[in-house]
Amino acid sequence: MTPNRTEEVALVSTDDAIRRLRTDPASAELVRDAYLGRDVGDSGRRFAESAEFQELRALLGQELTGACVLDVGAGTGIASLAFVSNGAGRVIALEPDPSDEVGRGAISRLDPDGRIELLDASGEEIPLPDQSVDIVYARQLLHHARDLPQLVRECARVLRGGGFFVACREHVVADEAELTAFLAAHPVHQLAGGENAFPLAAYRDAIRAAGLELQQVLGPWDSIINAYPAARTSAELAQLPRAALKRRLGVLGGVASHIPGVPRLVRTLRRGEPGRLYSFVARKPGPSSVAQQTGDS
């Protein structure tokens with residue numbers, strides 16, 4: 001079942017919601033971890049140096065060197081800048097929001113030299129020619145889609161044969177009850193509305209229906225990309241199940257964490273949390289494409 005997009009009455013704009021969170025000492029860690037501080041340059045540097053971006057680079061391998069990258073729903077542009085600084089030949093930031101805090105205004109502050117090309121459009125209607133980019137990257141975007149299948153079709157359309165489609169940190173729910181619980185706990189949604197999540201099958205189906213070969217589906221603790229900020233390094237990621245047991249069960253949890261098979265069970269249970277994060281790696285069929293239908297359970 002795909003839940004309907006839940007719309008709340010926005011109390012404030014997204015910009016104002018971010019400004020409000022910045023002034024709340026209790027939200028300081030959240031703002032920093034979400035790369036939403038006023039100093040967008042600091043956010044950009046930290047993201048480029050993060051374990052998340054390093055793992056993304058590893059997933060793309062040599063494909064990034066000299067590539068034309070489309071950053072769909074670029075937000076503040078932190079990923080766009082990271083691509084520019086790590087070998088991409090051309091980076092296009094697609095962002096419909098003109099705002100200074102979370103949109104094109106923030107990207108302009110981040111990149112005053114204009115190395116990032118700004119494109120005012122939504123992912124459902126990308127104003128680029130067919131097969132014109134090598135990599136389509138979307139971070140925390142698909143769950144905001146007005147029309148998820150259409151958005152992914154557009155991403156596939158502009159990809160060249162053999163090109164990568166990577167969607168990171170997408171919120172997943174199983175049903176309406178989980179969606180309601182997720183939205184109730186989301187701090188920005190409570191201030192400005194506009195959040196959403198889809199079932200895992202909806203993402204997979206949209207990717208495959210667009211003609212892309214789904215190569216990897218990474219679960220909440222399968223990758224540092226999804227596990228951040230609960231884990232900030234690969235070593236912390238490996239210890240997450242044990243740390244979770246200790247937090248929940250104390251000394252007993254510490255003992256249980258050393259029983260063979262228990263950490264794997266904890267990872268499985270993590271997949272049931274409302275709004276859990278998944279990432280998807282797909283490729284467009286073409287001369288350099290090799291289908292590897294793996295990890296999609």
# chains A, B, ... in the order shown; residues from 1 in each chain; ligands from 1
call {"tool": "residues_around", "arguments": {"residues": "Gly163 of chain A", "least_positions_apart": "2", "cutoff": "9 Å", "atoms": "only C-alpha atoms", "output": "list in words"}}
result
Glu63, Gln131, Val133, Asp134, Ile135, Val136, Ala156, Leu159, Arg160, Gly161, Phe165, Ala282, Arg283, Lys284, Pro285, Gly286, Ser288 and Ser289 of chain A
call {"tool": "write_last_selection", "arguments": {"atoms": "N, CA and C atoms", "output": "compact mmCIF listing (two decimals), in the first residue's frame"}}
result
# COMPACT_ATOMS: atom_id res chain seq x y z
N GLU A 63 33.33 6.41 -12.02
CA GLU A 63 32.26 7.03 -12.81
C GLU A 63 32.13 8.53 -12.52
N GLN A 131 19.04 11.80 -22.15
CA GLN A 131 20.38 11.22 -22.10
C GLN A 131 21.48 12.30 -22.10
N VAL A 133 22.95 13.53 -18.95
CA VAL A 133 23.79 13.53 -17.75
C VAL A 133 24.28 12.10 -17.46
N ASP A 134 25.37 12.01 -16.73
CA ASP A 134 25.98 10.72 -16.42
C ASP A 134 25.52 10.15 -15.09
N ILE A 135 25.23 11.04 -14.13
CA ILE A 135 24.83 10.62 -12.79
C ILE A 135 23.66 11.49 -12.34
N VAL A 136 22.60 10.86 -11.88
CA VAL A 136 21.51 11.58 -11.22
C VAL A 136 21.56 11.21 -9.74
N ALA A 156 15.36 9.03 -15.07
CA ALA A 156 15.84 8.02 -16.01
C ALA A 156 15.95 8.59 -17.42
N LEU A 159 19.20 10.48 -18.02
CA LEU A 159 20.42 9.69 -17.84
C LEU A 159 20.89 9.09 -19.16
N ARG A 160 22.21 9.11 -19.38
CA ARG A 160 22.78 8.41 -20.51
C ARG A 160 22.82 6.91 -20.23
N GLY A 161 22.91 6.11 -21.27
CA GLY A 161 23.05 4.67 -21.11
C GLY A 161 24.27 4.36 -20.25
N PHE A 165 21.86 6.17 -11.18
CA PHE A 165 20.83 6.87 -10.42
C PHE A 165 21.02 6.46 -8.96
N ALA A 282 20.88 2.46 -8.77
CA ALA A 282 20.39 1.84 -10.00
C ALA A 282 21.21 2.34 -11.17
N ARG A 283 21.07 1.66 -12.29
CA ARG A 283 21.80 2.04 -13.49
C ARG A 283 20.89 1.95 -14.70
N LYS A 284 21.10 2.85 -15.64
CA LYS A 284 20.31 2.82 -16.87
C LYS A 284 20.96 1.87 -17.85
N PRO A 285 20.20 0.95 -18.44
CA PRO A 285 20.78 0.02 -19.40
C PRO A 285 21.48 0.78 -20.53
N GLY A 286 22.62 0.27 -20.92
CA GLY A 286 23.39 0.91 -21.98
C GLY A 286 24.67 0.15 -22.22
N SER A 288 27.66 0.41 -21.19
CA SER A 288 28.54 0.10 -20.07
C SER A 288 27.79 -0.45 -18.87
N SER A 289 26.51 -0.77 -19.05
CA SER A 289 25.68 -1.21 -17.94
C SER A 289 25.72 -2.72 -17.78
call {"tool": "atom_distance", "arguments": {"atom1": "atom CA of Arg115 of chain A", "atom2": "atom CA of Gly103 of chain A"}}
result
16.3 Å
call {"tool": "residues_around", "arguments": {"residues": "Ser13 of chain A", "least_positions_apart": "2", "cutoff": "12 Å", "atoms": "only C-alpha atoms", "output": "VMD selection string"}}
result
chain A and resid 9 to 11 15 to 20 97 99 to 102 188 to 194
call {"tool": "write_last_selection", "arguments": {"atoms": "N, CA and C atoms", "output": "short mmCIF file (atom, residue, chain, number, x, y, z; two decimals), in the first residue's frame"}}
result
data_model
loop_
_atom_site.label_atom_id
_atom_site.label_comp_id
_atom_site.auth_asym_id
_atom_site.auth_seq_id
_atom_site.Cartn_x
_atom_site.Cartn_y
_atom_site.Cartn_z
N VAL A 9 -1.33 21.82 7.63
CA VAL A 9 -1.37 23.26 7.47
C VAL A 9 -0.03 23.81 7.95
N ALA A 10 0.69 24.48 7.06
CA ALA A 10 2.01 24.99 7.42
C ALA A 10 1.86 26.16 8.38
N LEU A 11 2.44 26.04 9.55
CA LEU A 11 2.40 27.11 10.52
C LEU A 11 3.33 28.25 10.11
N ASP A 15 11.82 28.03 5.55
CA ASP A 15 12.90 28.93 5.97
C ASP A 15 12.72 29.35 7.42
N ASP A 16 11.51 29.79 7.76
CA ASP A 16 11.25 30.25 9.13
C ASP A 16 11.36 29.10 10.13
N ALA A 17 10.96 27.90 9.71
CA ALA A 17 11.09 26.73 10.59
C ALA A 17 12.55 26.46 10.91
N ILE A 18 13.41 26.55 9.90
CA ILE A 18 14.84 26.33 10.12
C ILE A 18 15.42 27.41 11.02
N ARG A 19 15.03 28.66 10.78
CA ARG A 19 15.51 29.75 11.64
C ARG A 19 15.09 29.53 13.09
N ARG A 20 13.85 29.06 13.28
CA ARG A 20 13.37 28.82 14.64
C ARG A 20 14.17 27.71 15.32
N ASP A 97 13.11 25.76 -5.02
CA ASP A 97 12.94 26.71 -3.92
C ASP A 97 13.98 27.83 -4.04
N SER A 99 14.64 30.10 -1.85
CA SER A 99 14.91 30.69 -0.54
C SER A 99 16.38 30.73 -0.17
N ASP A 100 16.68 31.60 0.77
CA ASP A 100 18.06 31.86 1.17
C ASP A 100 18.59 30.83 2.15
N GLU A 101 17.70 30.13 2.84
CA GLU A 101 18.14 29.19 3.86
C GLU A 101 18.25 27.75 3.34
N VAL A 102 17.30 27.33 2.49
CA VAL A 102 17.28 25.92 2.07
C VAL A 102 17.11 25.77 0.56
N VAL A 188 10.71 19.43 11.76
CA VAL A 188 10.43 20.44 10.74
C VAL A 188 8.98 20.33 10.28
N HIS A 189 8.48 19.10 10.15
CA HIS A 189 7.09 18.91 9.74
C HIS A 189 6.13 19.55 10.73
N GLN A 190 6.46 19.47 12.00
CA GLN A 190 5.58 20.05 13.01
C GLN A 190 5.51 21.57 12.89
N LEU A 191 6.55 22.18 12.36
CA LEU A 191 6.57 23.62 12.21
C LEU A 191 6.05 24.08 10.85
N ALA A 192 6.39 23.32 9.80
CA ALA A 192 6.10 23.80 8.44
C ALA A 192 5.34 22.82 7.56
N GLY A 193 5.14 21.59 8.01
CA GLY A 193 4.48 20.60 7.16
C GLY A 193 5.36 20.18 6.01
N GLY A 194 4.80 19.41 5.07
CA GLY A 194 5.49 19.08 3.84
C GLY A 194 6.29 17.80 3.82
#
call {"tool": "residues_around", "arguments": {"residues": "Thr233 of chain A", "least_positions_apart": "4", "cutoff": "9 Å", "atoms": "only C-alpha atoms", "output": "PyMOL selection string"}}
result
chain A and resi 50-52+224+228+237-238
call {"tool": "write_last_selection", "arguments": {"atoms": "N, CA and C atoms", "output": "short mmCIF file (atom, residue, chain, number, x, y, z; two decimals), in the first residue's frame"}}
result
data_model
loop_
_atom_site.label_atom_id
_atom_site.label_comp_id
_atom_site.auth_asym_id
_atom_site.auth_seq_id
_atom_site.Cartn_x
_atom_site.Cartn_y
_atom_site.Cartn_z
N SER A 50 32.45 14.03 5.12
CA SER A 50 31.71 13.04 5.91
C SER A 50 31.91 11.62 5.39
N ALA A 51 31.69 10.66 6.29
CA ALA A 51 31.74 9.26 5.89
C ALA A 51 30.63 8.95 4.89
N GLU A 52 29.51 9.67 4.99
CA GLU A 52 28.43 9.47 4.02
C GLU A 52 28.89 9.76 2.60
N ILE A 224 26.64 3.52 6.14
CA ILE A 224 26.80 4.76 6.91
C ILE A 224 25.95 5.87 6.30
N TYR A 228 23.92 7.51 9.59
CA TYR A 228 24.29 8.82 10.15
C TYR A 228 23.01 9.54 10.62
N LEU A 237 29.39 2.19 12.93
CA LEU A 237 28.31 1.47 12.26
C LEU A 237 28.31 0.00 12.65
N ALA A 238 29.50 -0.59 12.71
CA ALA A 238 29.61 -2.01 13.07
C ALA A 238 29.13 -2.26 14.50
#
call {"tool": "closest_residue", "arguments": {"among": "A:Asn86, A:Asn226, A:Gln54, A:Ser27", "to": "Gln140 of chain A", "atoms": "only C-alpha atoms"}}
result
A:Asn226
call {"tool": "closest_residue", "arguments": {"among": "A:Val72, A:Ala201, A:Ala34, A:Val40", "to": "Pro112 of chain A", "atoms": "only C-alpha atoms"}}
result
A:Val40
call {"tool": "atom_distance", "arguments": {"atom1": "atom CA of Gly87 of chain A", "atom2": "atom CA of Leu64 of chain A"}}
result
6.3 Å
call {"tool": "residues_around", "arguments": {"residues": "Asp113 of chain A", "least_positions_apart": "6", "cutoff": "12 Å", "atoms": "only C-alpha atoms", "output": "MDAnalysis selection string"}}
result
chainID A and resid 81 84 107
call {"tool": "atom_distance", "arguments": {"atom1": "atom CA of Asp120 of chain A", "atom2": "atom CA of Leu94 of chain A"}}
result
6.1 Å
call {"tool": "select_by_dssp", "arguments": {"residues": "segment 38-276 of chain A", "states": "helix (DSSP H, G or I)", "output": "count of residues only"}}
result
113
call {"tool": "residues_around", "arguments": {"residues": "Asp33 of chain A", "least_positions_apart": "3", "cutoff": "9 Å", "atoms": "only C-alpha atoms", "output": "number ranges by chain"}}
result
A: 28-30, 36, 228-229
